[in-house]
Each structure stands twice: as structure tokens, then as C-alpha cells.
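Engineer: Before we start, here is the structure in question, set down as C-alpha cells.
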Amino acid sequence: MGRLGVDLYPLQSGVGLDRVETFGRFLGGSPANVAVAAARLGRRTALVSRTGADPFGTALHHDLKRFGVDDRWVTEVAEYPTPVTFCELFPPDDFPLHFYRRPKAPDLEIHPHELDLAAIRAARVFWATGTGLCAEPSRAATLEALRARSGREVTVLDLDWRPVFWTDPAEARPYYAEALRHATVAVGNLDECEVATGEREPHAAARALLATGTVRLAVVKQGPEGVLALAADGTSAEVPPLPVEVVNGLGAGDAFGGALVHGLLAGWDLERILRHANAAGAIVAGRLACSSAMPYAEEIAAALAAGTGTIPERG
């Protein structure tokens with residue numbers, strides 16, 4: 001549930017937007033990408049979001065269906081255009097984003113009374129993001145959906161901190177705290193964990209996430225240091241990243257999320273889940289696109305066998 005829009009990525013690397021001449025259009029938005037990533041691994045997925053009543057919105061519906069994501073809960077907002085996001089590519093670690101979500105993005109116009117709470121309760125996994133908390137009515141709808149889950153497994157809060165959507169980190173923390181009281185899984189990088197809990201050291205951040213309410217699994221992404229997962233029963237795993245020749249790092253976290261969901265549903269142990277999720281993220285970091293670059297299970301297996309995320313893309 002949450003952000004959905006069009007990504008326009010330059011077809012030239014190492015060039016600022018002021019000099020880019022050609023772009024590729026892709027489905028974008030972190031929750032949408034996670035849904036695509038899980039669908040690529042054989043899971044039945046659906047998205048709760050909104051688009052503008054415009055050609056870009058039509059294109060996103062087409063893309064969701066093409067990727068195997070149920071779009072029945074993606075509706076139109078006549079007042080606002082479908083959002084567009086540009087990025088710049090300066091590998092290996094600089095990928096500035098430029099969001100065009102004015103005057104307001106349709107995905108922030110999700111209303112509580114429009115939610116299919118029965119479907120949300122029935123899902124084996126529900127995935128919500130911190131961005132959904134940044135404005136009303138999306139904030140109320142996100143919290144209503146999380147409350148409807150009542151601690152059901154697996155209820156994921158992706159901390160998904162985007163400073164451009166908030167005036168101050170202190171403004172966000174109470175809403176994150178409320179959302180975490182209804183989640184069973186929390187996922188975030190070090191910056192996101194610090195906003196949500198005040199803790200930046202990975203183990204301290206994981207413990208703080210577990211202490212917020214019903215969270216039973218905290219996943220802390222540490223970039224080049226890998227990823228840490230700590231469960232409420234004391235089980236833990238820490239896995240280094242898979243090497244890759246980076247093309248575009250922006251979709252790696254979403255690929256990680258889709259593989260995380262897949263592993264949790266499969267009942268894998270924590271280390272196996274993290275290794276597969278890391279591999280999925282590395283594969284996407286080695287490709288230009290996000291949504292269309294999400295790996296299939298055999299690609300993840302190939303990356304793990306080769307010890308690198310730089311593998312040929314399936315035709």
C-alpha cells in the first residue's frame with residue numbers, strides 16, 4: 001500500500017539532468033516495486049494506491065498487470081496528476097532523485113473509508129510504508145489498515161524515510177511510533193531507523209524497533225556493511241552484501257523487500273532469507289530499471305552461485 005508513479009531514468013550515465021537527452025519510462029514507487037519483486041518470485045500480489053486520471057495513470061495500470069500485480073485497488077484521482085520521478089546516475093553511490101508530486105500526489109489521497117479492510121486482513125502479508133504517513137488522508141488510511149491487521153503475520157512497516165516529504169524528522173517520529181505498534185516486521189536503513197527510533201547503531205536500532213510494540217522481526221540495512229536481522233525470540237543473522245558493478249542503486253531496497261517477503265512466506269531461516277534478499281538487491285543495483293529489473297528466482301540462485309549480482313538479464 002502506498003506510493004505509485006512513473007520513473008523517468010536517463011539513458012546516459014554520469015550526466016546531470018541539464019544535459020540528459022533521452023529517458024526510459026518505468027513503473028515506480030517503492031511499494032509498487034516491492035509488489036512487482038514478490039510477483040517475480042511467484043507470489044500473488046496486489047497494490048492499494050491511486051493515480052491521476054491521465055495517460056501516465058493508464059500506463060501504470062498496464063504495467064502492473066504486465067508484471068502480475070492485481071490493480072483492482074488502484075483508483076483514479078481527477079484533481080491531481082500522476083507523479084513523475086527523475087533520477088540522475090552517478091555510479092557507484094550517487095543517484096539523486098527529483099520528485100514531481102505537486103500540488104499533491106494521488107497516492108496520498110487514499111481515504112480510510114475506501115479501504116477494503118477484509119482483503120487487507122485476509123492477506124498473508126501486508127506491506128505499508130513511512131511515506132504513507134507524511135500527509136492526510138493517506139496517514140489515517142495507512143494507520144487504519146495497520147490497525148485492521150491486529151498484529152497478524154506478516155505485517156510489514158517499511159520505514160521508507162524521504163526527507164523531501166516532511167518538514168522535520170521530529171514531526172515524523174510520533175506517526176512512525178504509532179504505525180510500529182501494529183506491525184510485526186520493521187525494515188529500514190540506518191537513516192530511517194534513526195528517524196523512527198532515535199538509534200543509529202544497528203543492534204541498538206534493531207532492539208529499539210522490537211521494543212515499539214508488536215514488532216517481532218527488525219531488519220536493519222547497513223549499505224556496504226550488509227544487513228542485520230534481529231527477532232524477538234533472540235534469533236539473529238548478519239549477512240554481508242553481494243558484490244556488484246552498480247548501474248543504478250535506487251531499486252535495490254525494493255528488490256530486497258520482495259525477496260524478504262518471499263522468504264518469510266516460505267518459512268526460511270533468517271540467514272537464508274537475508275542472503276536471497278541481498279542477492280536480489282544486488283542484481284537490481286546492477287541494472288538500469290527498478291520494476292522491470294526485479295529478478296526471478298533462478299536469477300537469484302545464479303547470483304548466489306556466482307558470488308556476484310552482475311549477471312545477464314533474462315530475455
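By convention here, the chains of the C-alpha cells are called A, B, ... in the order presented, each chain's residues are numbered starting at 1, and ligands are numbered starting at 1 in the order presented.
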So that I can see what lies close to Thr85 of chain A, please list as a compact mmCIF listing (two decimals) with all heavy atoms, in the first residue's frame the residues with an atom at most 9 Å from it, counting only C-alpha atoms and leaving out residues fewer than 4 positions away in the same chain.
Structural biologist:
```
# COMPACT_ATOMS: atom_id res chain seq x y z
N GLY A 5 4.03 5.72 -9.11
CA GLY A 5 4.24 6.79 -10.07
C GLY A 5 5.08 6.31 -11.23
O GLY A 5 5.37 5.12 -11.37
N VAL A 6 5.49 7.25 -12.04
CA VAL A 6 6.32 6.99 -13.21
C VAL A 6 7.75 7.39 -12.90
O VAL A 6 8.00 8.50 -12.42
CB VAL A 6 5.79 7.76 -14.44
CG1 VAL A 6 6.80 7.72 -15.58
CG2 VAL A 6 4.45 7.19 -14.89
N ASP A 7 8.68 6.49 -13.15
CA ASP A 7 10.11 6.79 -13.06
C ASP A 7 10.62 7.10 -14.46
O ASP A 7 10.41 6.31 -15.40
CB ASP A 7 10.90 5.61 -12.51
CG ASP A 7 10.72 5.43 -11.01
OD1 ASP A 7 10.21 6.35 -10.34
OD2 ASP A 7 11.10 4.35 -10.50
N LEU A 8 11.30 8.23 -14.60
CA LEU A 8 11.96 8.58 -15.85
C LEU A 8 13.47 8.58 -15.59
O LEU A 8 13.99 9.48 -14.94
CB LEU A 8 11.49 9.94 -16.36
CG LEU A 8 10.03 9.99 -16.85
CD1 LEU A 8 9.64 11.40 -17.22
CD2 LEU A 8 9.83 9.05 -18.03
N TYR A 9 14.13 7.53 -16.08
CA TYR A 9 15.56 7.35 -15.82
C TYR A 9 16.36 7.70 -17.06
O TYR A 9 16.01 7.29 -18.19
CB TYR A 9 15.85 5.91 -15.42
CG TYR A 9 15.36 5.55 -14.03
CD1 TYR A 9 15.34 4.23 -13.60
CD2 TYR A 9 14.93 6.54 -13.14
CE1 TYR A 9 14.91 3.90 -12.33
CE2 TYR A 9 14.49 6.21 -11.88
CZ TYR A 9 14.48 4.90 -11.47
OH TYR A 9 14.04 4.57 -10.21
N GLY A 28 7.18 3.03 -11.11
CA GLY A 28 7.97 3.36 -9.93
C GLY A 28 7.11 3.51 -8.69
O GLY A 28 5.89 3.38 -8.71
N GLY A 29 7.78 3.83 -7.59
CA GLY A 29 7.15 3.90 -6.28
C GLY A 29 7.52 2.67 -5.48
O GLY A 29 7.28 1.53 -5.93
N LEU A 97 17.48 11.97 -6.63
CA LEU A 97 16.09 11.86 -7.07
C LEU A 97 15.44 13.23 -7.11
O LEU A 97 15.69 14.08 -6.26
CB LEU A 97 15.30 10.96 -6.10
CG LEU A 97 15.50 9.46 -6.23
CD1 LEU A 97 14.87 8.74 -5.06
CD2 LEU A 97 14.91 8.95 -7.54
N HIS A 98 14.59 13.42 -8.09
CA HIS A 98 13.85 14.67 -8.23
C HIS A 98 12.37 14.30 -8.36
O HIS A 98 11.94 13.79 -9.40
CB HIS A 98 14.34 15.46 -9.44
CG HIS A 98 15.81 15.74 -9.42
ND1 HIS A 98 16.34 16.89 -8.86
CD2 HIS A 98 16.87 15.00 -9.85
CE1 HIS A 98 17.66 16.85 -8.96
NE2 HIS A 98 18.01 15.72 -9.56
N PHE A 99 11.60 14.56 -7.30
CA PHE A 99 10.19 14.18 -7.25
C PHE A 99 9.32 15.31 -7.78
O PHE A 99 9.44 16.46 -7.34
CB PHE A 99 9.77 13.86 -5.81
CG PHE A 99 10.40 12.63 -5.23
CD1 PHE A 99 11.51 12.74 -4.40
CD2 PHE A 99 9.89 11.38 -5.49
CE1 PHE A 99 12.10 11.61 -3.85
CE2 PHE A 99 10.46 10.24 -4.95
CZ PHE A 99 11.58 10.36 -4.12
N TYR A 100 8.41 14.98 -8.68
CA TYR A 100 7.39 15.92 -9.16
C TYR A 100 6.04 15.39 -8.67
O TYR A 100 5.39 14.57 -9.33
CB TYR A 100 7.44 16.03 -10.68
CG TYR A 100 8.67 16.79 -11.15
CD1 TYR A 100 9.93 16.17 -11.16
CD2 TYR A 100 8.59 18.12 -11.56
CE1 TYR A 100 11.06 16.86 -11.57
CE2 TYR A 100 9.72 18.81 -11.97
CZ TYR A 100 10.95 18.17 -11.97
OH TYR A 100 12.07 18.86 -12.38
N ARG A 101 5.65 15.86 -7.48
CA ARG A 101 4.44 15.37 -6.81
C ARG A 101 3.58 16.56 -6.35
O ARG A 101 3.01 16.56 -5.28
CB ARG A 101 4.82 14.50 -5.61
CG ARG A 101 5.49 13.20 -5.99
CD ARG A 101 6.11 12.48 -4.81
NE ARG A 101 5.17 12.11 -3.76
CZ ARG A 101 4.47 10.98 -3.75
NH1 ARG A 101 4.57 10.10 -4.74
NH2 ARG A 101 3.65 10.70 -2.74
```
Engineer: Which polymer residues have any atom within 9 Å of an atom of segment 256-262 of chain A, counting only C-alpha atoms, with same-chain residues fewer than 4 positions away left out, as a PyMOL selection string?
Structural biologist: chain A and resi 33-43+125+154+156+158+187+251-252+266-267+273-274+276-282+294
Engineer: Can you measure atom CA of Ala255 of chain A to atom CA of Asp191 of chain A for me? One decimal in Å is fine.
Structural biologist: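 Rounded to one decimal, the two atoms are 19.0 Å apart.
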Engineer: Running DSSP on the backbone, which parts of segment 143-271 of chain A land in alpha helix (DSSP H), as a VMD selection string?
Structural biologist: chain A and resid 143 to 149 169 to 180 190 to 197 202 to 210 252 to 266 270 to 271
Engineer: Skip segment 62-73 of chain A itself and residues of its chain fewer than 3 positions away, then list as a PyMOL selection string all residues within 9 Å of it, counting only C-alpha atoms.
Structural biologist: chain A and resi 26-27+32+35-37+39-40+44-50+57-59+115-116+291-292
Engineer: Output C-alpha atoms for every residue in the selection just made, as a short mmCIF file (atom, residue, chain, number, x, y, z; two decimals), in the first residue's frame.
Structural biologist:
```
data_model
loop_
_atom_site.label_atom_id
_atom_site.label_comp_id
_atom_site.auth_asym_id
_atom_site.auth_seq_id
_atom_site.Cartn_x
_atom_site.Cartn_y
_atom_site.Cartn_z
CA PHE A 26 9.31 2.71 -15.89
CA LEU A 27 6.76 1.91 -13.23
CA ALA A 32 4.69 -0.88 -6.23
CA ALA A 35 4.80 -5.90 -5.20
CA VAL A 36 6.48 -6.48 -8.57
CA ALA A 37 9.52 -8.04 -6.89
CA ALA A 39 5.32 -11.33 -8.04
CA ARG A 40 8.52 -12.15 -9.94
CA ARG A 44 0.21 -13.30 -5.75
CA THR A 45 0.39 -9.57 -5.08
CA ALA A 46 -1.92 -6.55 -5.20
CA LEU A 47 -1.38 -2.82 -4.73
CA VAL A 48 -3.52 -0.28 -2.88
CA SER A 49 -2.76 3.12 -4.39
CA ARG A 50 -4.04 5.89 -6.66
CA GLY A 57 -2.02 6.57 -14.87
CA THR A 58 -3.24 4.37 -17.70
CA ALA A 59 0.34 3.27 -18.36
CA LEU A 115 -10.09 0.64 2.07
CA ASP A 116 -11.09 -2.98 1.52
CA SER A 291 10.44 -2.57 -11.62
CA SER A 292 11.33 -4.36 -14.84
#
```
Engineer: Let's see if you can do this: from backbone DSSP, list all strand (DSSP E or B) residues in segment 119-172 of chain A, as an MDAnalysis selection string.
Structural biologist: chainID A and resid 126:129 155:158
Engineer: Enter the distance from atom CA of Ala172 of chain A to atom CA of Ala205 of chain A, in Å, rounded to one decimal.
Structural biologist: 16.6 Å
Engineer: Of the residues A:Leu117, A:Ala105, A:Ala196, A:Leu210, which is the one nearest to Asp160 of chain A, using only C-alpha atoms?
Structural biologist: A:Ala196
Engineer: Show which residues sit within 9 Å of Glu225 of chain A, as an mmCIF file with all heavy atoms, in the first residue's frame. Count only C-alpha atoms, and ignore same-chain residues fewer than 6 positions away.
Structural biologist:
```cif
data_model
loop_
_atom_site.group_PDB
_atom_site.id
_atom_site.type_symbol
_atom_site.label_atom_id
_atom_site.label_comp_id
_atom_site.auth_asym_id
_atom_site.auth_seq_id
_atom_site.Cartn_x
_atom_site.Cartn_y
_atom_site.Cartn_z
ATOM 1 N N VAL A 239 24.422 -10.534 7.449
ATOM 2 C CA VAL A 239 24.921 -11.044 6.176
ATOM 3 C C VAL A 239 25.564 -9.900 5.400
ATOM 4 O O VAL A 239 24.986 -8.808 5.293
ATOM 5 C CB VAL A 239 23.758 -11.654 5.364
ATOM 6 C CG1 VAL A 239 24.214 -12.039 3.962
ATOM 7 C CG2 VAL A 239 23.195 -12.877 6.086
ATOM 8 N N PRO A 240 26.768 -10.123 4.835
ATOM 9 C CA PRO A 240 27.419 -9.077 4.039
ATOM 10 C C PRO A 240 26.728 -8.907 2.694
ATOM 11 O O PRO A 240 25.998 -9.788 2.240
ATOM 12 C CB PRO A 240 28.844 -9.611 3.859
ATOM 13 C CG PRO A 240 28.693 -11.097 3.937
ATOM 14 C CD PRO A 240 27.588 -11.344 4.926
ATOM 15 N N PRO A 241 26.964 -7.784 2.021
ATOM 16 C CA PRO A 241 26.350 -7.584 0.707
ATOM 17 C C PRO A 241 26.999 -8.472 -0.339
ATOM 18 O O PRO A 241 28.118 -8.966 -0.161
ATOM 19 C CB PRO A 241 26.627 -6.106 0.416
ATOM 20 C CG PRO A 241 27.878 -5.799 1.180
ATOM 21 C CD PRO A 241 27.806 -6.641 2.423
#
```
Engineer: Select, from A:Leu288, A:Ala301, A:Ala306, A:Leu209, the residue with the minimum atom-to-atom distance to Leu230 of chain A, counting only C-alpha atoms.
Structural biologist: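 Selected residue with least distance to Leu230 of chain A: A:Leu209.
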Engineer: For Leu228 of chain A, please output as a list in words all residues within 6 Å (counting only C-alpha atoms; exclusion window: fewer than 5 positions along the same chain).
Structural biologist: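 So the residues in contact are Val219, Val220, Ala237 and Glu238 of chain A.
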Engineer: Which value, in Å to one decimal, gives the distance between atom CA of Ala186 of chain A and atom CA of Ala135 of chain A?
Structural biologist: 20.6 Å
Engineer: For Thr197 of chain A, which of A:Pro169, A:Gly2, A:Gly14, A:Gly223 is the closest residue, counting only C-alpha atoms?
Structural biologist: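 Comparing A:Pro169, A:Gly2, A:Gly14, A:Gly223 against Thr197 of chain A, the winner is A:Pro169.
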Engineer: Using only C-alpha atoms, which protein or nucleic acid residues come within 12 Å of Gly249 of chain A? Drop anything in the same chain fewer than 4 positions from it, and give the result as a ChimeraX atom specification.
Structural biologist: /A:87-97,223-224,244-245,253-256,280-290,293,309
